[in-house]
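Student: This is the content of input-v1.pdb (PDB, C-alpha atoms):
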MODEL        1
ATOM      1  CA  MET A 142      59.162 106.145 124.650
ATOM      2  CA  GLU A 143      61.626 108.317 122.760
ATOM      3  CA  ASN A 144      60.347 110.542 119.978
ATOM      4  CA  ARG A 145      62.763 109.881 117.109
ATOM      5  CA  LEU A 146      61.527 112.895 115.149
ATOM      6  CA  LEU A 147      62.910 115.217 117.826
ATOM      7  CA  GLN A 148      66.358 113.637 117.844
ATOM      8  CA  GLN A 149      69.085 115.396 115.908
ATOM      9  CA  PRO A 150      70.714 113.138 113.318
ATOM     10  CA  ARG A 151      74.397 112.673 114.027
ATOM     11  CA  GLY A 152      76.756 113.472 111.220
ATOM     12  CA  ASP A 153      79.538 115.764 110.139
ATOM     13  CA  GLY A 154      77.513 118.948 109.932
ATOM     14  CA  VAL A 155      74.658 120.117 107.755
ATOM     15  CA  TYR A 156      74.633 121.503 104.238
ATOM     16  CA  MET A 157      71.993 124.161 103.642
ATOM     17  CA  PHE A 158      70.973 124.681 100.014
ATOM     18  CA  VAL A 159      69.059 127.782  98.921
ATOM     19  CA  ARG A 160      67.641 127.554  95.394
ATOM     20  CA  PHE A 161      66.385 130.659  93.610
ATOM     21  CA  PRO A 162      65.496 131.874  90.088
ATOM     22  CA  THR A 163      68.370 133.672  88.375
ATOM     23  CA  ASP A 164      66.233 136.375  86.724
ATOM     24  CA  ASN A 165      68.827 136.615  83.907
ATOM     25  CA  GLY A 166      71.670 136.816  86.420
ATOM     26  CA  THR A 167      70.298 139.724  88.457
ATOM     27  CA  SER A 168      69.332 137.562  91.428
ATOM     28  CA  VAL A 169      72.734 135.848  91.465
ATOM     29  CA  GLY A 170      74.350 139.239  92.122
ATOM     30  CA  VAL A 171      71.893 139.973  94.931
ATOM     31  CA  VAL A 172      72.581 136.604  96.568
ATOM     32  CA  ALA A 173      76.353 136.997  96.183
ATOM     33  CA  GLN A 174      76.158 140.405  97.870
ATOM     34  CA  THR A 175      74.002 138.912 100.652
ATOM     35  CA  VAL A 176      76.623 136.220 101.276
ATOM     36  CA  VAL A 177      79.389 138.832 101.528
ATOM     37  CA  LEU A 178      77.345 140.961 103.933
ATOM     38  CA  ALA A 179      76.396 137.903 106.020
ATOM     39  CA  ARG A 180      79.970 136.617 106.320
ATOM     40  CA  ARG A 181      80.333 137.627 109.978
ATOM     41  CA  ALA A 182      76.918 136.222 110.965
ATOM     42  CA  ILE A 183      77.731 132.920 109.259
ATOM     43  CA  HIS A 184      81.062 132.751 111.087
ATOM     44  CA  ASN A 185      79.478 133.636 114.454
ATOM     45  CA  ILE A 186      77.152 130.634 114.328
ATOM     46  CA  ARG A 187      79.976 128.334 113.277
ATOM     47  CA  GLY A 188      78.958 128.181 109.644
ATOM     48  CA  ARG A 189      80.793 128.423 106.371
ATOM     49  CA  PHE A 190      79.920 129.588 102.861
ATOM     50  CA  VAL A 191      80.594 126.713 100.442
ATOM     51  CA  GLY A 192      79.737 128.190  97.046
ATOM     52  CA  ILE A 193      77.248 129.351  94.451
ATOM     53  CA  ALA A 194      76.182 127.373  91.391
ATOM     54  CA  ARG A 195      75.118 130.150  89.042
ATOM     55  CA  LYS A 196      73.065 127.814  86.901
ATOM     56  CA  ILE A 197      71.508 124.463  87.710
ATOM     57  CA  TRP A 198      69.690 122.228  85.271
ATOM     58  CA  ASP A 199      66.196 121.025  86.098
ATOM     59  CA  MET A 200      65.369 118.118  83.803
ATOM     60  CA  SER A 201      61.772 117.782  84.968
ATOM     61  CA  PRO A 202      59.052 118.336  82.350
ATOM     62  CA  THR A 203      57.702 121.318  84.325
ATOM     63  CA  ALA A 204      60.994 123.268  84.467
ATOM     64  CA  GLN A 205      60.261 126.793  83.259
ATOM     65  CA  MET A 206      63.069 129.039  84.509
ATOM     66  CA  GLU A 207      66.796 129.133  85.055
ATOM     67  CA  GLU A 208      67.742 128.631  88.686
ATOM     68  CA  ALA A 209      70.857 128.867  90.828
ATOM     69  CA  VAL A 210      71.787 127.539  94.261
ATOM     70  CA  VAL A 211      73.929 128.816  97.117
ATOM     71  CA  VAL A 212      75.386 126.314  99.600
ATOM     72  CA  PHE A 213      76.372 126.812 103.245
ATOM     73  CA  TRP A 214      77.736 124.385 105.852
ATOM     74  CA  PHE A 215      76.783 124.536 109.545
ATOM     75  CA  GLU A 216      77.664 122.362 112.534
ATOM     76  CA  ASN A 217      74.032 121.357 113.075
ATOM     77  CA  ILE A 218      70.558 121.852 111.683
ATOM     78  CA  GLN A 219      69.582 124.354 114.375
ATOM     79  CA  ASP A 220      72.445 126.667 113.349
ATOM     80  CA  ALA A 221      71.318 126.441 109.716
ATOM     81  CA  LYS A 222      67.747 127.353 110.683
ATOM     82  CA  THR A 223      68.960 130.180 112.911
ATOM     83  CA  PHE A 224      70.956 131.714 110.084
ATOM     84  CA  PHE A 225      68.182 131.416 107.504
ATOM     85  CA  VAL A 226      65.474 132.967 109.678
ATOM     86  CA  SER A 227      67.651 135.659 111.260
ATOM     87  CA  ASP A 228      69.601 137.041 108.297
ATOM     88  CA  ASN A 229      68.056 140.424 107.459
ATOM     89  CA  ARG A 230      67.968 139.806 103.710
ATOM     90  CA  MET A 231      67.189 136.091 103.536
ATOM     91  CA  LYS A 232      64.219 136.322 105.872
ATOM     92  CA  GLN A 233      62.452 138.775 103.539
ATOM     93  CA  PRO A 234      59.465 137.152 101.777
ATOM     94  CA  ASP A 235      60.644 138.482  98.389
ATOM     95  CA  PHE A 236      64.290 137.327  98.685
ATOM     96  CA  PRO A 237      66.120 137.578  96.362
ATOM     97  CA  ALA A 238      64.817 140.656  94.627
ATOM     98  CA  PRO A 239      63.766 140.961  91.823
ATOM     99  CA  ALA A 240      62.990 137.223  91.444
ATOM    100  CA  GLY A 241      60.963 137.276  94.642
ATOM    101  CA  HIS A 242      61.212 133.768  96.063
ATOM    102  CA  CYS A 243      63.599 131.018  97.086
ATOM    103  CA  GLU A 244      63.510 127.503  98.483
ATOM    104  CA  ALA A 245      65.832 126.225 101.213
ATOM    105  CA  TRP A 246      66.532 122.793 102.634
ATOM    106  CA  ALA A 247      69.180 121.176 104.806
ATOM    107  CA  VAL A 248      70.941 117.838 104.419
ATOM    108  CA  VAL A 249      72.954 116.150 107.170
ATOM    109  CA  ARG A 250      76.442 115.272 105.965
ATOM    110  CA  PHE A 251      77.544 111.747 106.840
ATOM    111  CA  TYR A 252      81.123 110.709 106.286
ATOM    112  CA  THR A 253      83.159 107.622 107.039
ATOM    113  CA  PRO A 254      86.897 108.269 107.006
ATOM    114  CA  PRO A 255      88.782 105.977 104.575
ATOM    115  CA  ASN A 256      90.825 104.380 107.382
ATOM    116  CA  GLU A 257      87.622 103.111 109.046
ATOM    117  CA  LEU A 258      86.253 101.287 106.008
ATOM    118  CA  GLY A 259      88.015  98.042 106.940
ATOM    119  CA  VAL A 260      86.526  98.121 110.445
ATOM    120  CA  TYR A 261      83.000  97.926 109.040
ATOM    121  CA  GLY A 262      83.822  95.271 106.456
ATOM    122  CA  ASN A 263      83.413  97.525 103.425
TER     123      ASN A 263
ENDMDL
END
Transcribe the structure of this file into structure tokens.

Tutor:
Amino acid sequence: MENRLLQQPRGDGVYMFVRFPTDNGTSVGVVAQTVVLARRAIHNIRGRFVGIARKIWDMSPTAQMEEAVVVFWFENIQDAKTFFVSDNRMKQPDFPAPAGHCEAWAVVRFYTPPNELGVYGN
């Protein structure tokens, strides 16, 4: 029997989001510098920097700090994991300084080209 948890979802790549506290903008500068310094490593594992949202809004009742998010695209989830755990700055437990923590997750990108919509009856 096949283990479905070990199968890689098929899609058009993976977005990796890294959310972090802004620390009044200081951490955004640290992350931006990290992205510039990691440009070659991202390219080498077939990834791409998508952008930085310098401020995101958390509407939950427990939101207590301003946060930002940086977004990357990779061909597959393994490449995203490889980048996150091998980048010299991101793998530090206190990244990004001075905020001292971040949260990362990956989302598989699924896309149906517009010319195929009729084929599936949509």

Student: Would you mind telling me which residue in A:Ala194, A:Ile186, A:Val171, A:Val155 lies nearest to A:Ile218 when using all atoms listed in the file?

Tutor: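 When distances to A:Ile218 are compared using all atoms listed in the file, the smallest one comes from A:Val155.
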
Student: With a distance cut-off of 9 Å and only C-alpha atoms, select the neighbouring residues of A:Gly241, excluding the residue or stretch itself and same-chain residues fewer than 6 positions from it, and output the selection as a list in words.

Tutor: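 Final neighbour list, sorted by chain and number: Phe161, Pro162, Ser168, Pro234 and Asp235 of chain A.
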
Student: Find the distance between atom CA of A:Thr223 and atom CA of A:Asn165 and write it in Å to one decimal.

Tutor: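 Pair atom CA of A:Thr223 / atom CA of A:Asn165 returns 29.7 Å.
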
Student: Give, as AutoDock Vina command-line options, the centre coordinates and the x, y and z edge lengths in Å to one decimal for an axis-aligned box around all listed atoms of stretch 167-170 of chain A, padded by 6 Å on each side.

Tutor:
--center_x 71.8 --center_y 137.8 --center_z 90.3 --size_x 17.0 --size_y 15.9 --size_z 15.7

Student: Calculated over only C-alpha atoms, which of the candidates A:Cys243, A:Leu178, A:Ala209, A:Ala173 has the smallest distance to A:Lys196?

Tutor: A:Ala209

Student: Which residues, written as a list in words, have at least one atom at most 12 Å from A:Glu208, with only C-alpha atoms counted and residues fewer than 2 positions away on the same chain left out?

Tutor: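 In the requested form, the answer reads Val159, Arg160, Phe161, Pro162, Thr163, Asp164, Asn165, Gly166, Thr167, Ser168, Val169, Ile193, Ala194, Arg195, Lys196, Ile197, Trp198, Asp199, Met200, Ala204, Gln205, Met206, Val210, Val211, Pro237, Ala240, His242, Cys243 and Glu244 of chain A.
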
Student: Mind giving me the straight-line distance from atom CA of A:Pro202 to atom CA of A:Gly170 in Å, one decimal?

Tutor: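 About the pair atom CA of A:Pro202 and atom CA of A:Gly170: they are 27.7 Å apart.
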
Student: Please report the interatomic distance between atom CA of A:Asn185 and atom CA of A:Val249 in Å with one decimal.

Tutor: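 Calculated distance between atom CA of A:Asn185 and atom CA of A:Val249 is 20.0 Å.
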
Student: With the input short on atoms, add N, CA, C and O atoms back to stretch 168-183 of chain A and write it as a compact mmCIF listing (two decimals), keeping the file's coordinate frame.

Tutor:
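This went into selection.txt:
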# COMPACT_ATOMS: atom_id res chain seq x y z
N SER A 168 69.48 138.12 90.09
CA SER A 168 69.33 137.56 91.43
C SER A 168 70.62 136.95 91.94
O SER A 168 70.88 136.95 93.14
N VAL A 169 71.45 136.43 91.05
CA VAL A 169 72.73 135.85 91.46
C VAL A 169 73.60 136.93 92.11
O VAL A 169 74.23 136.71 93.14
N GLY A 170 73.60 138.12 91.54
CA GLY A 170 74.35 139.24 92.12
C GLY A 170 73.82 139.63 93.49
O GLY A 170 74.59 139.91 94.42
N VAL A 171 72.51 139.64 93.64
CA VAL A 171 71.89 139.97 94.93
C VAL A 171 72.28 138.94 95.98
O VAL A 171 72.65 139.29 97.11
N VAL A 172 72.23 137.66 95.63
CA VAL A 172 72.58 136.60 96.57
C VAL A 172 74.07 136.66 96.92
O VAL A 172 74.45 136.52 98.08
N ALA A 173 74.91 136.89 95.92
CA ALA A 173 76.35 137.00 96.18
C ALA A 173 76.64 138.14 97.15
O ALA A 173 77.45 138.00 98.08
N GLN A 174 75.98 139.26 96.96
CA GLN A 174 76.16 140.40 97.87
C GLN A 174 75.65 140.05 99.27
O GLN A 174 76.27 140.41 100.28
N THR A 175 74.54 139.34 99.36
CA THR A 175 74.00 138.91 100.65
C THR A 175 74.99 138.03 101.38
O THR A 175 75.19 138.17 102.60
N VAL A 176 75.64 137.11 100.66
CA VAL A 176 76.62 136.22 101.28
C VAL A 176 77.80 137.03 101.82
O VAL A 176 78.26 136.79 102.95
N VAL A 177 78.27 138.00 101.07
CA VAL A 177 79.39 138.83 101.53
C VAL A 177 78.99 139.60 102.79
O VAL A 177 79.74 139.65 103.76
N LEU A 178 77.80 140.19 102.77
CA LEU A 178 77.34 140.96 103.93
C LEU A 178 77.06 140.08 105.15
O LEU A 178 77.14 140.55 106.28
N ALA A 179 76.73 138.81 104.92
CA ALA A 179 76.40 137.90 106.02
C ALA A 179 77.61 137.11 106.52
O ALA A 179 77.46 136.27 107.40
N ARG A 180 78.76 137.39 105.98
CA ARG A 180 79.97 136.62 106.32
C ARG A 180 80.20 136.52 107.82
O ARG A 180 80.46 135.45 108.36
N ARG A 181 80.10 137.62 108.53
CA ARG A 181 80.33 137.63 109.98
C ARG A 181 79.26 136.81 110.71
O ARG A 181 79.57 136.04 111.62
N ALA A 182 78.00 136.97 110.32
CA ALA A 182 76.92 136.22 110.96
C ALA A 182 77.09 134.72 110.75
O ALA A 182 76.88 133.93 111.67
N ILE A 183 77.50 134.33 109.55
CA ILE A 183 77.73 132.92 109.26
C ILE A 183 78.85 132.40 110.15
O ILE A 183 78.74 131.32 110.74
